[in-house]
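Novice: One structure is given below, represented as structure tokens, and several questions about it will come after.
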Amino acid sequence: MSVAGLRRAARESVSGLPREFWWLWTSTLVNRLGAFVATFMALYLTLDRGYSASYAGLVVALHGLGGVVSSLGAGVMTDRLGRRPTMLIAQTATAVSVAVLGFMVHPVAIAAVAFVVGMASNASRPAVQAMMADIVRPEDRVRAFSLNYWAINLGFAVSSAGAGFVAEYSYLAGFLGEAAMTLLCAYVVFMKVPESQPEKSALSGRAVTGADEVRLSTVLRDGRFMSVVGLSFVIALIFQQGYVGLPVAMGADGFSSSDFGTAVAVNGVLIVVLQIPVTRFIQHRDPRRLLIVSSLLAGYGFGLTAFAGSVAVYALTICVWTVAEIVNSPIQTGLVVRLSPAQGRGRYQGMYTMSWSAAALIAPLMSGVVIDRFGAQWLWGTCAVLGTGAALGYWLLMRNLPGEDGAAFEGSRVAESGRGAESAGPVGPGADAAAGPEPSVERMG
């Protein structure tokens with residue numbers, strides 16, 4: 001592609017999004033620039049503190065359990081208190097708890113504070129996703145989520161390599177650095193990001209009655225959405241191994257924290273380089289097939305790790321499952337938003353977030369036990385099996401959705417304009433049948 005073509009593609013990728021989105025995007029970037037705990041917790045506990053892989057898995061699992069506990073509560077807060085207050089509370093609590101964690105020395109204290117960090121750090125996610133759905137037009141949402149995911153990984157690419165060298169000097173400096181960056185993120189939200197929650201009366205031109213309110217039971221009865229949540233859990237369980245199983249396996253093979261930081265930084269770099277062009281490439285493809293292919297790439301990408309013996313080969317396997325991540329993320333996030341009604345976005349996003357939090361809970365337990373008892377090769381083989389199972393699950397789910405456009409994840413501009421940009425479709429079980437056919441994702445890029 002020519003330089004002029006690249007410039008045009010870049011303009012098309014970023015144009016038309018509201019200013020509020022870019023401030024939220026900036027806060028995401030700042031947050032990820034300070035990421036340390038989630039990436040280096042396992043290495044910190046095994047290499048610096050001398051604990052076993054099983055104990056490290058337990059602590060990281062408690063971190064994930066905190067996220068599970070807070071996901072639904074944060075979703076309810078997002079709908080009741082608002083998006084902005086929920087983010088500010090969560091980010092401030094995260095900064096304080098991360099700083100405290102760096103000073104903990106007793107194993108019970110480390111585990112307890114890690115649980116609190118998991119609760120606090122996960123609580124802002126439903127609010128961020130709901131706010132993006134509020135402020136971005138339906139036809140631009142997948143593009144917006146792709147750009148936000150790009151920001152997450154731009155920050156990750158910079159922080160992971162740098163934090164690896166910081167960890168060589170002082171893990172405490174890493175904890176305090178993350179706390180400072182999280183406070184800066186909260187400051188950006190406080191100063192620049194206004195509340196976006198739509199008024200209930202504006203959702204459909206009338207007051208929302210008790211029968212119309214979305215409750216957690218409504219989400220649980222939404223069979224199609226919960227199927228997506230279940231498959232998301234399986235995919236997340238695989239991807240989590242890049243941050244819990246992979247560092248422990250590399251440490252056991254004699255690699256240092258900086259080696260792991262260098263290898264895993266490939267993930268962030270590739271997403272920074274490829275996320276936008278790949279999103280543009282897949283915009284005319286059937287997202288159902290893309291979800292199946294990405295599941296297989298994720299599973300077998302980690303499966304190839306069984307044959308890795310050098311940093312270069314580890315980096316090569318990371319390239320494979322990173323492609324799966326690039327494809328899966330905007331497609332699945334767009335699908336989740338499409339299935340989330342405006343008056344219940346917080347609860348729906350909380351349930352979706354819980355699938356990742358639950359994976360963050362199960363993944364370290366799984367990796368620690370499997371590595372300690374059977375060896376890392378069995379862990380990577382399990383990932384291949386899970387990827388195959390997820391692909392089969394997506395195939396079965398899509399097979400049971402007759403009469404829909406294969407790219408039916410972003411909502412009709414015509415239908416949305418008739419209801420107002422804040423409406424995301426009918427609520428609850430059977431809503432999909434009432435929604436009618438949805439258009440293609442030609443505007444994803």
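All residue names refer to the structure tokens as shown: chains lettered A, B, ... in order, residues numbered from 1 in each chain, ligands numbered from 1 in order.
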If you count only C-alpha atoms, which residues fall within 10 Å of region 110-117 of chain A, apart from same-chain ones fewer than 3 positions away, as an MDAnalysis selection string?

Specialist: chainID A and resid 37:38 41 45 55:56 58:67 69:70 90 93:107 120:123

Novice: So which residues touch Val14 (chain A) within 9 Å, counting only C-alpha atoms, skipping near sequence neighbours fewer than 6 positions away, as an mmCIF file with C-alpha atoms, in the first residue's frame?

Specialist:
data_model
loop_
_atom_site.group_PDB
_atom_site.id
_atom_site.type_symbol
_atom_site.label_atom_id
_atom_site.label_comp_id
_atom_site.auth_asym_id
_atom_site.auth_seq_id
_atom_site.Cartn_x
_atom_site.Cartn_y
_atom_site.Cartn_z
ATOM 1 C CA ARG A 143 -14.000 0.248 15.320
ATOM 2 C CA ALA A 144 -14.002 2.077 18.662
ATOM 3 C CA LEU A 147 -8.989 1.296 18.847
#

Novice: Give me the residues within 12 Å of Asn148 (chain A) as a ChimeraX atom specification, counting only C-alpha atoms and dropping any in the same chain fewer than 3 places off.

Specialist: /A:13-14,17,21-32,128-129,132,141-145,151-155,271-272,275-276,329-330,333

Novice: Quick one: residues within 7 Å of region 229-240 of chain A, only C-alpha atoms counted, chain neighbours fewer than 3 positions away excluded, as a VMD selection string?

Specialist: chain A and resid 225 to 226 243 to 244 295 298 to 299 352 355 to 356 359 to 360 363 383 386 390 393

Novice: Out of A:Phe156, A:Val136, A:Asp259, A:Leu220, which residue has the shortest atom-to-atom distance to Glu168 (chain A) when counting only C-alpha atoms?

Specialist: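 Once distances to Glu168 (chain A) are computed over only C-alpha atoms, the minimum belongs to A:Asp259.
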
Novice: CA of Gly368 (chain A) and CA of Ala53 (chain A) are how many Å apart?

Specialist: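 Separating CA of Gly368 (chain A) from CA of Ala53 (chain A) is a distance of 5.3 Å.
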
Novice: Write out as a ChimeraX atom specification which residues come within 7 Å of Ser196 (chain A) when counting only C-alpha atoms, dropping same-chain ones fewer than 5 positions away.

Specialist: /A:83,131,134-135

Novice: List every residue of region 355-408 of chain A that has an atom at most 12 Å from any atom of region 311-322 of chain A, giving for each one its closest atom pair and the distance in Å to one decimal, counting only C-alpha atoms, sorted by chain and then by ascending residue number, as CSV.

Specialist:
residue,atom,partner,partner_atom,distance
A:Trp380,CA,A:Thr317,CA,11.1
A:Cys383,CA,A:Trp321,CA,11.0
A:Ala384,CA,A:Trp321,CA,11.0
A:Gly387,CA,A:Trp321,CA,10.6

Novice: Would you export the selected residues with N, CA, C and O atoms as a PDB file, in the first residue's frame, please?

Specialist:
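Resulting contents of selection_9.pdb:
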ATOM      1  N   TRP A 380       0.017 -27.065  27.776  1.00  0.00           N
ATOM      2  CA  TRP A 380      -0.142 -26.578  26.399  1.00  0.00           C
ATOM      3  C   TRP A 380      -1.030 -27.514  25.582  1.00  0.00           C
ATOM      4  O   TRP A 380      -1.788 -27.060  24.719  1.00  0.00           O
ATOM      5  N   CYS A 383      -4.568 -26.589  26.408  1.00  0.00           N
ATOM      6  CA  CYS A 383      -4.988 -25.382  25.687  1.00  0.00           C
ATOM      7  C   CYS A 383      -5.459 -25.723  24.270  1.00  0.00           C
ATOM      8  O   CYS A 383      -6.448 -25.163  23.784  1.00  0.00           O
ATOM      9  N   ALA A 384      -4.756 -26.638  23.616  1.00  0.00           N
ATOM     10  CA  ALA A 384      -5.165 -27.041  22.269  1.00  0.00           C
ATOM     11  C   ALA A 384      -6.543 -27.693  22.287  1.00  0.00           C
ATOM     12  O   ALA A 384      -7.384 -27.434  21.411  1.00  0.00           O
ATOM     13  N   GLY A 387      -9.184 -24.948  22.851  1.00  0.00           N
ATOM     14  CA  GLY A 387      -9.407 -24.166  21.635  1.00  0.00           C
ATOM     15  C   GLY A 387     -10.296 -24.904  20.650  1.00  0.00           C
ATOM     16  O   GLY A 387     -11.186 -24.308  20.026  1.00  0.00           O
TER      17      GLY A 387
END

Novice: Given only C-alpha atoms as the basis, pick out the residue of A:Val264, A:Val370, A:Ala324, A:Leu33 nearest to Val158 (chain A).

Specialist: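 Closest candidate: A:Leu33.
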
Novice: Of the residues A:Ile331, A:Val385, A:Ala35, A:Ala263, which is the one nearest to Gly177 (chain A), using only C-alpha atoms?

Specialist: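 Nearest candidate to Gly177 (chain A) out of A:Ile331, A:Val385, A:Ala35, A:Ala263: A:Ala35.
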
Novice: To one decimal place in Å, what is the distance between CA of Thr78 (chain A) and CA of Pro126 (chain A)?

Specialist: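 Answer for the CA of Thr78 (chain A) to CA of Pro126 (chain A) separation: 7.0 Å.
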
Novice: CA of Ile326 (chain A) and CA of Leu274 (chain A), how far apart in Å?

Specialist: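 Going from CA of Leu274 (chain A) over to CA of Ile326 (chain A) covers 7.6 Å.
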
Novice: Enumerate, as a VMD selection string, the complete set of residues in region 31-227 of chain A that a backbone-based DSSP assignment places in alpha helix (DSSP H).

Specialist: chain A and resid 31 to 33 37 to 43 53 to 80 83 to 101 107 to 122 125 to 135 141 to 169 171 to 192 216 to 221 223 to 227

Novice: Give the answer as one residue: which of A:Val337, A:Ala306, A:Met77, A:Leu88 has the shortest atom-to-atom distance to Arg137 (chain A), using only C-alpha atoms?

Specialist: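 The closest residue to Arg137 (chain A) is A:Val337.
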
Novice: Using only C-alpha atoms, can you tell me which of A:Arg288, A:Arg49, A:Arg224, A:Arg125 comes closest to Leu339 (chain A)?

Specialist: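 Going through A:Arg288, A:Arg49, A:Arg224, A:Arg125 one by one, the smallest distance to Leu339 (chain A) is for A:Arg224.
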
Novice: Calculated over only C-alpha atoms, which of the candidates A:Pro287, A:Gln377, A:Ala173, A:Ala109 has the smallest distance to Leu335 (chain A)?

Specialist: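 Once distances to Leu335 (chain A) are computed over only C-alpha atoms, the minimum belongs to A:Pro287.
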
Novice: Please provide the set of residues having any atom within 10 Å of Leu47 (chain A), restricted to only C-alpha atoms, with same-chain residues fewer than 2 positions apart removed, written as a PyMOL selection string.

Specialist: chain A and resi 42-45+49-53+248+251-252+256-257

Novice: For the residues selected in the previous step, produce a file with C-alpha atoms as a PDB file, in the first residue's frame.

Specialist:
ATOM      1  CA  ALA A  42       3.650 -15.136  39.157  1.00  0.00           C
ATOM      2  CA  LEU A  43       7.322 -14.316  38.597  1.00  0.00           C
ATOM      3  CA  TYR A  44       7.378 -12.059  41.663  1.00  0.00           C
ATOM      4  CA  LEU A  45       6.128 -14.853  43.897  1.00  0.00           C
ATOM      5  CA  ARG A  49       9.784 -14.508  47.083  1.00  0.00           C
ATOM      6  CA  GLY A  50      10.722 -18.149  46.461  1.00  0.00           C
ATOM      7  CA  TYR A  51       7.215 -19.626  46.651  1.00  0.00           C
ATOM      8  CA  SER A  52       6.082 -22.657  44.665  1.00  0.00           C
ATOM      9  CA  ALA A  53       4.192 -22.540  41.406  1.00  0.00           C
ATOM     10  CA  VAL A 248       6.067 -19.961  35.299  1.00  0.00           C
ATOM     11  CA  GLY A 251      11.046 -19.507  34.770  1.00  0.00           C
ATOM     12  CA  ALA A 252      11.229 -23.275  35.222  1.00  0.00           C
ATOM     13  CA  SER A 256      14.649 -14.544  33.628  1.00  0.00           C
ATOM     14  CA  SER A 257      11.858 -12.035  34.149  1.00  0.00           C
TER      15      SER A 257
END
